file model13.csv (CSV, C-alpha atoms)
chain,number,residue,atom,x,y,z
A,1,MET,CA,-26.3,-2.6,-32.9
A,2,SER,CA,-25.2,-1.9,-29.3
A,3,SER,CA,-21.7,-3.3,-30.0
A,4,GLU,CA,-21.3,-0.8,-32.9
A,5,ILE,CA,-22.3,2.1,-30.6
A,6,PHE,CA,-19.7,1.0,-28.0
A,7,LYS,CA,-17.0,0.7,-30.7
A,8,GLU,CA,-17.5,4.5,-31.4
A,9,TYR,CA,-16.4,5.3,-27.9
A,10,GLU,CA,-13.3,2.9,-27.8
A,11,GLY,CA,-10.3,5.2,-27.4
A,12,LYS,CA,-12.5,8.1,-26.2
A,13,LEU,CA,-13.3,6.5,-22.8
A,14,PRO,CA,-11.0,4.3,-20.6
A,15,LEU,CA,-11.7,0.6,-20.8
A,16,PRO,CA,-12.8,0.2,-17.2
A,17,ILE,CA,-15.5,2.9,-17.7
A,18,LEU,CA,-16.7,1.2,-20.9
A,19,GLU,CA,-16.9,-2.1,-19.2
A,20,LYS,CA,-18.9,-0.6,-16.3
A,21,ALA,CA,-21.2,1.1,-18.9
A,22,LYS,CA,-21.8,-2.2,-20.7
A,23,GLU,CA,-22.9,-3.8,-17.4
A,24,LEU,CA,-25.2,-1.0,-16.4
A,25,THR,CA,-26.8,-0.5,-19.9
A,26,LYS,CA,-27.4,-4.3,-20.1
A,27,LYS,CA,-29.0,-4.2,-16.6
A,28,TYR,CA,-31.3,-1.4,-17.5
A,29,LYS,CA,-31.9,-2.7,-21.1
A,30,LEU,CA,-30.7,0.5,-22.9
A,31,GLU,CA,-30.5,0.2,-26.7
A,32,GLY,CA,-30.4,2.3,-29.8
A,33,SER,CA,-30.9,6.1,-29.3
A,34,LYS,CA,-31.2,5.7,-25.5
A,35,LEU,CA,-27.8,3.9,-25.3
A,36,LYS,CA,-26.3,6.5,-27.6
A,37,ARG,CA,-27.5,9.3,-25.3
A,38,ALA,CA,-26.3,7.5,-22.2
A,39,LEU,CA,-22.8,7.0,-23.6
A,40,GLU,CA,-22.6,10.6,-24.9
A,41,ARG,CA,-23.5,11.8,-21.4
A,42,ILE,CA,-20.8,9.6,-19.8
A,43,TYR,CA,-18.3,10.9,-22.4
A,44,GLN,CA,-19.2,14.5,-21.6
A,45,GLU,CA,-18.9,13.9,-17.8
A,46,TYR,CA,-15.5,12.3,-18.4
A,47,GLU,CA,-14.3,15.2,-20.5
A,48,ASN,CA,-15.6,17.7,-17.9
A,49,SER,CA,-13.7,15.9,-15.1
A,50,LYS,CA,-10.4,16.4,-16.8
A,51,ILE,CA,-8.1,19.1,-15.3
A,52,GLU,CA,-7.0,22.1,-17.3
A,53,PRO,CA,-3.5,22.1,-18.8
A,54,GLY,CA,-1.1,23.7,-16.4
A,55,GLU,CA,-3.2,23.1,-13.3
A,56,ALA,CA,-1.1,22.9,-10.2
A,57,ILE,CA,-2.6,19.6,-9.1
A,58,GLY,CA,0.1,18.8,-6.6
A,59,ILE,CA,-0.7,21.8,-4.5
A,60,VAL,CA,-4.5,21.3,-4.8
A,61,THR,CA,-4.1,17.6,-3.8
A,62,ALA,CA,-1.8,18.6,-0.8
A,63,GLU,CA,-4.4,21.2,0.3
A,64,SER,CA,-7.3,18.7,-0.2
A,65,PHE,CA,-5.6,16.2,2.1
A,66,GLY,CA,-4.0,18.6,4.6
A,67,GLU,CA,-7.1,20.6,5.6
A,68,PRO,CA,-9.4,17.6,6.3
A,69,ALA,CA,-6.6,15.7,8.1
A,70,THR,CA,-6.5,18.4,10.8
A,71,GLN,CA,-10.1,17.4,11.7
A,72,MET,CA,-9.2,13.7,12.1
A,73,THR,CA,-9.1,12.0,15.5
A,74,LEU,CA,-6.3,10.0,16.9
A,75,ASN,CA,-7.9,6.6,17.0
A,76,VAL,CA,-6.8,3.1,18.1
A,77,PHE,CA,-9.9,1.0,19.0
A,78,HIS,CA,-10.7,-2.6,19.8
A,79,PHE,CA,-12.2,-4.8,17.1
A,80,ALA,CA,-15.6,-6.1,17.9
A,81,GLY,CA,-14.9,-5.9,21.6
A,82,VAL,CA,-11.9,-8.2,21.5
A,83,SER,CA,-9.0,-6.6,23.4
A,84,GLU,CA,-6.3,-8.6,21.6
A,85,MET,CA,-7.3,-7.2,18.2
A,86,ASN,CA,-6.6,-3.5,17.9
A,87,ILE,CA,-7.1,-1.4,14.8
A,88,THR,CA,-5.3,1.9,14.1
A,89,ALA,CA,-7.6,4.4,12.5
A,90,GLY,CA,-7.9,8.1,11.8
A,91,LEU,CA,-4.8,10.3,11.4
A,92,PRO,CA,-2.2,7.7,12.6
A,93,ARG,CA,-3.4,5.3,10.0
A,94,LEU,CA,-3.4,7.9,7.2
A,95,ILE,CA,0.2,8.8,8.2
A,96,GLU,CA,1.1,5.1,8.0
A,97,ILE,CA,-0.3,4.8,4.5
A,98,LEU,CA,1.3,8.0,3.1
A,99,ASP,CA,4.7,7.4,4.7
A,100,ALA,CA,4.7,3.9,3.2
A,101,ARG,CA,5.6,2.2,6.5
A,102,LYS,CA,7.0,-1.3,5.9
A,103,GLU,CA,4.8,-2.8,8.6
A,104,ALA,CA,1.3,-1.7,9.7
A,105,SER,CA,1.2,-0.9,13.5
A,106,THR,CA,-1.9,-3.2,13.7
A,107,PRO,CA,-1.8,-5.6,10.8
A,108,LEU,CA,-5.2,-7.1,10.0
A,109,MET,CA,-6.4,-9.7,7.4
A,110,GLU,CA,-10.0,-10.5,6.3
A,111,VAL,CA,-10.1,-14.1,5.1
A,112,TYR,CA,-13.1,-15.1,2.9
A,113,LEU,CA,-13.9,-18.7,2.4
A,114,LYS,CA,-15.1,-20.7,-0.6
A,115,LYS,CA,-18.8,-21.3,-0.5
A,116,LYS,CA,-18.6,-25.0,0.4
A,117,TYR,CA,-16.5,-24.2,3.5
A,118,SER,CA,-18.6,-21.4,4.8
A,119,THR,CA,-20.4,-23.3,7.5
A,120,PRO,CA,-20.2,-22.9,11.3
A,121,ALA,CA,-18.3,-26.2,11.8
A,122,LYS,CA,-15.9,-25.7,9.0
A,123,VAL,CA,-15.2,-22.0,9.9
A,124,LYS,CA,-14.2,-23.0,13.4
A,125,GLU,CA,-11.9,-25.6,12.1
A,126,ILE,CA,-10.3,-23.3,9.5
A,127,ALA,CA,-9.9,-20.5,12.1
A,128,ALA,CA,-8.0,-22.9,14.3
A,129,LYS,CA,-5.6,-23.7,11.4
A,130,LEU,CA,-5.1,-20.0,10.7
A,131,ARG,CA,-4.1,-19.1,14.3
A,132,GLY,CA,-0.3,-19.2,14.6
A,133,TYR,CA,1.2,-20.8,17.7
A,134,THR,CA,4.8,-20.5,18.8
A,135,LEU,CA,6.4,-22.7,21.4
A,136,LYS,CA,5.8,-20.1,24.2
A,137,ASP,CA,2.0,-20.3,23.4
A,138,ILE,CA,1.8,-24.0,24.2
A,139,VAL,CA,4.3,-24.3,27.0
A,140,SER,CA,3.4,-23.6,30.6
A,141,GLU,CA,6.9,-23.5,32.0
A,142,PHE,CA,10.5,-22.8,30.9
A,143,SER,CA,13.6,-23.7,33.0
A,144,LEU,CA,17.4,-23.8,32.5
A,145,ASP,CA,19.7,-26.7,33.4
A,146,PHE,CA,23.2,-25.2,33.5
A,147,ALA,CA,24.8,-28.5,34.5
A,148,ASN,CA,23.6,-30.3,31.3
A,149,LEU,CA,23.5,-27.1,29.1
A,150,SER,CA,19.8,-27.6,28.4
A,151,VAL,CA,16.5,-25.8,28.3
A,152,ILE,CA,13.6,-27.7,29.8
A,153,THR,CA,10.0,-26.9,28.6
A,154,LYS,CA,6.8,-28.3,30.1
A,155,LEU,CA,4.0,-28.6,27.5
A,156,ASN,CA,0.4,-27.5,28.2
A,157,ARG,CA,-1.7,-30.5,27.4
A,158,ASN,CA,-5.0,-28.6,27.3
A,159,ILE,CA,-3.7,-26.2,24.6
A,160,LEU,CA,-2.3,-29.2,22.6
A,161,LYS,CA,-5.7,-30.9,22.8
A,162,ASN,CA,-7.5,-27.7,21.6
A,163,ILE,CA,-5.3,-27.3,18.5
A,164,GLU,CA,-5.2,-31.1,18.0
A,165,ILE,CA,-1.5,-31.7,17.8
A,166,SER,CA,0.7,-34.2,19.8
A,167,PRO,CA,4.0,-33.6,21.6
A,168,LYS,CA,5.7,-35.6,18.8
A,169,VAL,CA,4.6,-33.0,16.2
A,170,VAL,CA,6.1,-30.3,18.5
A,171,VAL,CA,9.4,-32.2,18.6
A,172,GLU,CA,9.5,-32.6,14.8
A,173,LYS,CA,8.8,-28.8,14.3
A,174,LEU,CA,11.6,-27.9,16.7
A,175,LYS,CA,14.1,-30.2,14.9
A,176,GLU,CA,13.2,-28.6,11.6
A,177,GLU,CA,13.8,-25.0,12.9
A,178,LEU,CA,16.6,-25.4,15.4
A,179,LYS,CA,20.0,-26.5,14.2
A,180,ASN,CA,22.9,-27.8,16.4
A,181,VAL,CA,20.4,-28.5,19.2
A,182,GLU,CA,19.6,-32.0,20.6
A,183,ILE,CA,15.9,-32.4,21.3
A,184,GLU,CA,14.4,-35.1,23.5
A,185,GLN,CA,10.9,-35.8,24.7
A,186,ALA,CA,10.1,-37.1,28.2
A,187,GLY,CA,6.4,-37.2,28.9
A,188,ASP,CA,5.1,-33.6,29.0
A,189,LYS,CA,8.7,-32.3,28.9
A,190,ILE,CA,10.8,-31.4,25.9
A,191,ILE,CA,14.6,-31.0,26.6
A,192,LEU,CA,16.7,-28.9,24.3
A,193,SER,CA,20.5,-29.3,24.8
A,194,LEU,CA,23.3,-27.3,23.2
A,195,LYS,CA,25.7,-29.2,20.9
A,196,LEU,CA,29.2,-27.9,21.6
A,197,SER,CA,32.4,-29.0,19.9
A,198,LYS,CA,35.6,-29.6,22.0
A,199,GLU,CA,37.0,-26.3,20.8
A,200,GLU,CA,33.9,-24.3,21.7
A,201,GLU,CA,33.7,-22.7,25.2
A,202,PHE,CA,30.3,-22.7,27.0
A,203,LYS,CA,28.8,-19.3,27.7
A,204,VAL,CA,25.8,-18.7,29.9
A,205,THR,CA,24.5,-16.3,27.3
A,206,ASP,CA,24.3,-19.1,24.7
A,207,LEU,CA,21.7,-20.9,26.9
A,208,TYR,CA,19.6,-17.8,27.3
A,209,LYS,CA,19.8,-17.2,23.6
A,210,LEU,CA,18.6,-20.7,22.9
A,211,LYS,CA,15.7,-20.2,25.3
A,212,GLU,CA,14.6,-17.0,23.6
A,213,LYS,CA,15.0,-18.6,20.1
A,214,CYS,CA,12.9,-21.7,20.9
A,215,LYS,CA,10.2,-19.5,22.4
A,216,GLU,CA,9.6,-17.8,19.0
A,217,THR,CA,9.7,-21.0,17.0
A,218,TYR,CA,6.4,-21.6,15.1
A,219,ILE,CA,4.8,-24.9,15.9
A,220,HIS,CA,1.3,-24.7,14.4
A,221,GLY,CA,-0.9,-22.5,12.1
A,222,VAL,CA,0.0,-19.5,9.9
A,223,LYS,CA,3.1,-17.5,10.9
A,224,GLY,CA,2.3,-14.0,12.0
A,225,VAL,CA,-1.4,-14.5,12.8
A,226,THR,CA,-1.7,-13.9,16.6
A,227,GLN,CA,-5.5,-13.9,16.9
A,228,VAL,CA,-8.5,-15.0,14.9
A,229,LEU,CA,-12.2,-14.0,15.0
A,230,PRO,CA,-14.8,-15.7,12.8
A,231,MET,CA,-17.8,-13.5,12.1
A,232,LYS,CA,-20.9,-13.8,9.9
A,233,VAL,CA,-21.1,-10.9,7.4
A,234,HIS,CA,-23.9,-10.7,4.8
A,235,GLU,CA,-24.9,-14.3,5.0
A,236,GLU,CA,-21.3,-15.7,4.8
A,237,TYR,CA,-18.5,-16.3,7.3
A,238,VAL,CA,-15.4,-14.1,7.4
A,239,ILE,CA,-12.4,-14.8,9.6
A,240,PHE,CA,-10.7,-11.6,10.8
A,241,CYS,CA,-7.1,-12.2,11.7
A,242,ALA,CA,-4.8,-10.0,13.9
A,243,GLY,CA,-1.5,-10.2,12.0
A,244,SER,CA,-0.8,-10.7,8.4
A,245,ASN,CA,0.7,-13.4,6.2
A,246,LEU,CA,-0.9,-13.1,2.8
A,247,LYS,CA,1.4,-15.5,0.9
A,248,ASP,CA,0.6,-18.5,3.2
A,249,VAL,CA,-3.1,-17.8,3.5
A,250,LEU,CA,-3.5,-17.6,-0.3
A,251,ASN,CA,-2.1,-21.1,-0.6
A,252,MET,CA,-4.8,-22.6,1.7
A,253,GLU,CA,-7.3,-24.7,-0.2
A,254,GLU,CA,-10.4,-23.5,1.8
A,255,VAL,CA,-9.7,-19.8,1.2
A,256,ASP,CA,-11.2,-17.7,-1.6
A,257,ALA,CA,-8.0,-16.2,-2.8
A,258,LYS,CA,-9.7,-13.5,-4.9
A,259,ARG,CA,-11.2,-11.8,-1.9
A,260,VAL,CA,-8.6,-12.1,0.9
A,261,ARG,CA,-7.6,-8.6,2.1
A,262,THR,CA,-4.8,-7.3,4.2
A,263,ASN,CA,-4.0,-3.7,5.4
A,264,ASN,CA,-0.2,-4.3,5.0
A,265,ILE,CA,0.5,-2.5,1.7
A,266,SER,CA,4.2,-3.5,1.5
A,267,GLU,CA,3.2,-7.2,1.8
A,268,ILE,CA,0.6,-6.7,-1.0
A,269,ALA,CA,3.3,-5.2,-3.3
A,270,LYS,CA,5.6,-8.2,-2.5
A,271,VAL,CA,3.1,-10.9,-3.1
A,272,LEU,CA,0.7,-9.4,-5.7
A,273,GLY,CA,2.7,-6.7,-7.4
A,274,ILE,CA,2.8,-2.9,-7.6
A,275,GLU,CA,-0.6,-2.4,-9.3
A,276,ALA,CA,-2.3,-4.3,-6.5
A,277,ALA,CA,-0.3,-2.1,-4.0
A,278,ARG,CA,-1.5,1.1,-5.8
A,279,GLN,CA,-5.1,0.0,-5.5
A,280,ALA,CA,-4.6,-0.9,-1.8
A,281,ILE,CA,-3.3,2.6,-1.1
A,282,ILE,CA,-6.5,4.0,-2.7
A,283,ASP,CA,-8.8,1.6,-0.8
A,284,GLU,CA,-7.1,2.1,2.6
A,285,ALA,CA,-7.0,5.9,2.3
A,286,LEU,CA,-10.6,6.0,1.3
A,287,LYS,CA,-11.6,3.7,4.2
A,288,VAL,CA,-9.9,6.1,6.7
A,289,ILE,CA,-11.5,9.2,5.1
A,290,LYS,CA,-15.0,7.7,5.1
A,291,GLU,CA,-14.7,6.4,8.7
A,292,GLN,CA,-13.9,10.0,9.8
A,293,GLY,CA,-16.9,11.4,7.8
A,294,LEU,CA,-14.8,13.4,5.5
A,295,ASP,CA,-15.2,14.0,1.8
A,296,ILE,CA,-12.1,14.2,-0.5
A,297,ASP,CA,-12.3,13.9,-4.3
A,298,MET,CA,-11.3,10.4,-5.4
A,299,ARG,CA,-8.9,11.8,-8.0
A,300,HIS,CA,-6.7,13.3,-5.3
A,301,ILE,CA,-6.3,9.9,-3.7
A,302,MET,CA,-5.6,8.3,-7.1
A,303,PHE,CA,-3.0,11.0,-7.8
A,304,ILE,CA,-1.1,10.3,-4.5
A,305,ALA,CA,-1.2,6.6,-5.1
A,306,ASP,CA,0.2,7.1,-8.6
A,307,ALA,CA,3.0,9.3,-7.3
A,308,MET,CA,3.9,6.8,-4.6
A,309,THR,CA,4.1,3.8,-7.0
A,310,ARG,CA,5.2,5.3,-10.4
A,311,THR,CA,8.8,4.0,-10.0
A,312,GLY,CA,7.6,0.4,-9.5
A,313,LYS,CA,8.3,0.5,-5.8
A,314,ILE,CA,6.2,2.0,-3.0
A,315,ARG,CA,7.7,5.4,-2.0
A,316,GLY,CA,6.3,7.4,0.9
A,317,VAL,CA,5.6,11.1,0.8
A,318,THR,CA,8.8,11.7,2.7
A,319,ARG,CA,12.4,13.0,2.3
A,320,THR,CA,13.7,9.5,1.5
A,321,GLY,CA,10.7,8.6,-0.6
A,322,ILE,CA,9.1,10.8,-3.4
A,323,THR,CA,11.4,13.7,-2.7
A,324,LYS,CA,14.5,11.6,-3.4
A,325,THR,CA,13.2,10.6,-6.8
A,326,LYS,CA,12.8,14.1,-8.1
A,327,GLU,CA,14.9,15.0,-11.1
A,328,SER,CA,15.5,18.6,-10.0
A,329,VAL,CA,18.6,19.2,-7.8
A,330,LEU,CA,17.2,22.4,-6.3
A,331,ALA,CA,13.8,20.8,-5.6
A,332,LYS,CA,15.5,18.0,-3.6
A,333,ALA,CA,17.7,20.5,-1.8
A,334,SER,CA,14.7,22.6,-0.8
A,335,PHE,CA,13.5,19.8,1.6
A,336,GLU,CA,15.4,19.4,5.0
A,337,THR,CA,18.9,18.2,3.7
A,338,PRO,CA,20.1,20.7,1.1
A,339,LEU,CA,23.9,20.2,1.6
A,340,HIS,CA,23.7,16.5,0.8
A,341,TYR,CA,22.0,16.9,-2.5
A,342,LEU,CA,24.0,20.0,-3.6
A,343,ILE,CA,27.3,18.2,-2.9
A,344,GLN,CA,26.2,15.0,-4.7
A,345,ALA,CA,25.0,17.1,-7.7
A,346,THR,CA,28.4,19.0,-7.8
A,347,ILE,CA,30.4,15.7,-7.7
A,348,LYS,CA,28.3,14.1,-10.5
A,349,GLY,CA,27.9,17.3,-12.5
A,350,GLU,CA,24.1,17.2,-12.6
A,351,LYS,CA,22.0,19.7,-14.5
A,352,ASP,CA,18.7,21.2,-13.5
A,353,SER,CA,16.2,21.8,-16.3
A,354,LEU,CA,14.0,24.0,-14.1
A,355,THR,CA,10.7,22.3,-15.1
A,356,SER,CA,8.8,22.4,-11.8
A,357,VAL,CA,7.6,25.0,-9.3
A,358,VAL,CA,10.1,25.0,-6.4
A,359,GLU,CA,13.3,25.6,-8.3
A,360,ASN,CA,11.8,28.5,-10.3
A,361,VAL,CA,10.5,30.1,-7.1
A,362,MET,CA,14.0,29.9,-5.7
A,363,LEU,CA,15.4,31.6,-8.8
A,364,ASN,CA,12.6,34.2,-8.9
A,365,GLN,CA,11.3,33.0,-12.3
A,366,PRO,CA,7.8,32.5,-13.6
A,367,VAL,CA,6.7,29.0,-12.5
A,368,PRO,CA,5.6,26.6,-15.3
A,369,VAL,CA,2.0,26.2,-14.1
A,370,GLY,CA,-1.2,28.0,-15.2
A,371,THR,CA,-0.4,30.9,-17.5
A,372,GLY,CA,3.3,30.4,-16.8
A,373,LEU,CA,3.2,27.1,-18.6
A,374,PRO,CA,2.9,27.9,-22.3
A,375,GLY,CA,5.3,30.1,-24.3
A,376,LEU,CA,3.6,32.7,-26.5
A,377,VAL,CA,4.7,33.2,-30.1
A,378,VAL,CA,3.3,36.2,-32.1
A,379,LYS,CA,3.6,36.3,-35.8
A,380,ILE,CA,3.5,39.9,-37.1
A,381,GLU,CA,2.2,40.2,-40.7
A,382,GLY,CA,3.5,42.8,-43.2
A,383,THR,CA,7.2,42.9,-42.0
A,384,LYS,CA,9.9,43.3,-44.7
A,385,SER,CA,13.4,41.9,-44.7
A,386,LEU,CA,16.3,44.3,-44.0
A,387,ASN,CA,17.5,44.1,-47.6
A,388,SER,CA,14.1,45.3,-49.0
A,389,LYS,CA,13.1,48.9,-49.6
A,390,SER,CA,11.5,50.8,-46.8
A,391,PRO,CA,7.8,50.2,-46.5
A,392,SER,CA,5.4,53.0,-47.5
A,393,LYS,CA,3.5,55.0,-44.9
A,394,GLU,CA,0.4,53.0,-45.6
A,395,THR,CA,2.2,49.7,-45.0
A,396,GLN,CA,3.7,51.1,-41.8
A,397,LYS,CA,0.2,52.1,-40.7
A,398,ASN,CA,-1.1,48.6,-41.4
A,399,ASP,CA,1.9,47.0,-39.6
A,400,SER,CA,1.2,49.2,-36.6
A,401,ASN,CA,-2.5,48.1,-36.5
A,402,THR,CA,-1.5,44.4,-36.8
A,403,THR,CA,1.0,44.7,-34.0
A,404,GLU,CA,-1.6,46.4,-31.7
A,405,ASN,CA,-4.1,43.7,-32.6

call {"tool": "encode", "arguments": {"input": "model13.csv", "output": "C-alpha cells"}}
result
Amino acid sequence: MSSEIFKEYEGKLPLPILEKAKELTKKYKLEGSKLKRALERIYQEYENSKIEPGEAIGIVTAESFGEPATQMTLNVFHFAGVSEMNITAGLPRLIEILDARKEASTPLMEVYLKKKYSTPAKVKEIAAKLRGYTLKDIVSEFSLDFANLSVITKLNRNILKNIEISPKVVVEKLKEELKNVEIEQAGDKIILSLKLSKEEEFKVTDLYKLKEKCKETYIHGVKGVTQVLPMKVHEEYVIFCAGSNLKDVLNMEEVDAKRVRTNNISEIAKVLGIEAARQAIIDEALKVIKEQGLDIDMRHIMFIADAMTRTGKIRGVTRTGITKTKESVLAKASFETPLHYLIQATIKGEKDSLTSVVENVMLNQPVPVGTGLPGLVVKIEGTKSLNSKSPSKETQKNDSNTTEN
C-alpha cells in the first residue's frame, strides 16, 4: 500500500527527498491516509520553495552572501591548542572557497577508522603511519664536503626509534627518489655524492641544490601530512591531520574511506570527481557560515556551487573563473578587462544574443528578468482582412471594446 502511494509522487518530488521521506515515514510508522497527508504536505512545501519564473536569483544570491560576509571576522585559530595545526576560518576561508583556490591555506583532513581499528593502541600506531617525515625531519645535522662533492647528513636515532625505521630504510628511500647520486651509509651518517661525467663541470650551486632536494625527500608516512592529532569524538577515534593527501589515505587498509574528509576542494575534484567537489563547496561554505552564527538560505549556497561546477571543472567567482565562461561578449567586457574580450570577439566574429542582465543595461533595453522576461502577444477578435468590406459601425464598436479589454 505504502509503495503505491510513493509511486504517485515519483516525478513530482526529487529522488533524494523521496528517499528521506521513506526513511522518516518508516521510522514514525506512517501508513495509509497519514502517509498520504505527509507526502502531500512535503509536495506542497517543495512547490512553495520554488522560485518564480524570471526571478533575478543571481542578484538575490549575491546580496544574501555579501551582506552577512561584512559581519564575518578574520579568523585563523589553533586547533585544539596545538600550535602546529592552524585553521583558517571566517571571511578568509569563505574567500578561499568562492575563489576556488588550488590549495587551502591551512589544509586539514579528518581520518575516520574502521571499527576494529578504533582502539587507543591502534589509533596511536595508525597516526604514526600517517605523519609524513622528510629527511630534514629525521636528520640532526647537514654539512657539505666540497672536496668530495658530497652532502653529509647525521641521522637522529631517537626520531628513527619513535617512527620505527632503520637507517637502511632511509638509504633505500633516498636511492628511489634521488637519481645520479651515490649514497653510502657510515654509522649514523649518510653520505650523498654527486655523479659527474668527464664532460660536466662542477658548480658549487649543484651541491647546494642537492642539499635542498634531499631535505624535502619523503622517507616515511603520507606525503603532505605534517602533523597528526588523534582525538576521541562521539565514542570513536578520529585522527586530525595538518596537510592533505586524500588519494594515499583512501588506500590505507585501516581507514574508513567513506568518511574521510578534507577541506581541499580541488583535491576532492581530482580524486572523487566534480559532484563530490560540488558537495564539498556546499559543506565548507555552510560550515564557515554556521561558525560565524550567520543564517543564509541553503539554496543560495547550492546555486553558487552549481555555478562554480557546471562546466565540469571548479571555477571561482572571479574574472578568470565564472566570468570567463559567460556567453555574452558585453557581459565579459563589463568586468575589469573590457579591451581583451572586445578584441577577441572582433577577431572571431562573435555574436551577442543579449539574454542576460548586464548587456541589456549597457544598451538601455529592458532586462530579461521579472516582468521583462516574457513577451506579450495580444489577439484582437473581430478584425477583418484588408480585402474584405468595411465593418459596420456595430462591429467597429465591438472591436473597440475588445481592444480596450

call {"tool": "residues_around", "arguments": {"input": "model13.csv", "residues": "segment 142-156 of chain A", "least_positions_apart": "5", "cutoff": "7 Å", "atoms": "only C-alpha atoms", "output": "MDAnalysis selection string"}}
result
chainID A and resid 188:194 207 211

call {"tool": "atom_distance", "arguments": {"input": "model13.csv", "atom1": "atom CA of Lys223 of chain A", "atom2": "atom CA of Ile95 of chain A"}}
result
26.6 Å

call {"tool": "closest_residue", "arguments": {"input": "model13.csv", "among": "A:Ile268, A:Gln292, A:Tyr237, A:Ile5", "to": "Ser33 of chain A", "atoms": "only C-alpha atoms"}}
result
A:Ile5

call {"tool": "residues_around", "arguments": {"input": "model13.csv", "residues": "Phe303 of chain A", "least_positions_apart": "3", "cutoff": "10 Å", "atoms": "all atoms listed in the file", "output": "list in words"}}
result
Ile57, Gly58, Thr61, Ile282, Met298, Arg299, His300, Asp306, Ala307 and Met308 of chain A

call {"tool": "residues_around", "arguments": {"input": "model13.csv", "residues": "Pro230 of chain A", "least_positions_apart": "6", "cutoff": "9 Å", "atoms": "all atoms listed in the file", "output": "VMD selection string"}}
result
chain A and resid 123 to 124 127 237 to 241

call {"tool": "closest_residue", "arguments": {"input": "model13.csv", "among": "A:Val111, A:Ala128, A:Met72, A:Val317", "to": "Thr262 of chain A", "atoms": "all atoms listed in the file"}}
result
A:Val111

call {"tool": "residues_around", "arguments": {"input": "model13.csv", "residues": "Glu216 of chain A", "least_positions_apart": "4", "cutoff": "7 Å", "atoms": "only C-alpha atoms", "output": "compact mmCIF listing (two decimals) with C-alpha atoms, in the frame of the given file"}}
result
# COMPACT_ATOMS: atom_id res chain seq x y z
CA THR A 134 4.80 -20.50 18.80
CA LEU A 135 6.40 -22.70 21.40
CA LYS A 136 5.80 -20.10 24.20
CA GLU A 212 14.60 -17.00 23.60

call {"tool": "atom_distance", "arguments": {"input": "model13.csv", "atom1": "atom CA of Phe65 of chain A", "atom2": "atom CA of Gln44 of chain A"}}
result
27.4 Å

call {"tool": "residues_around", "arguments": {"input": "model13.csv", "residues": "segment 10-27 of chain A", "least_positions_apart": "4", "cutoff": "12 Å", "atoms": "all atoms listed in the file", "output": "ChimeraX atom specification"}}
result
/A:2-6,31-32,34-47,50

call {"tool": "axis_aligned_box", "arguments": {"input": "model13.csv", "around": "segment 129-133 of chain A", "padding_each_side": "3 Å", "output": "AutoDock Vina command-line options"}}
result
--center_x -2.2 --center_y -21.4 --center_z 14.2 --size_x 12.8 --size_y 10.6 --size_z 13.0
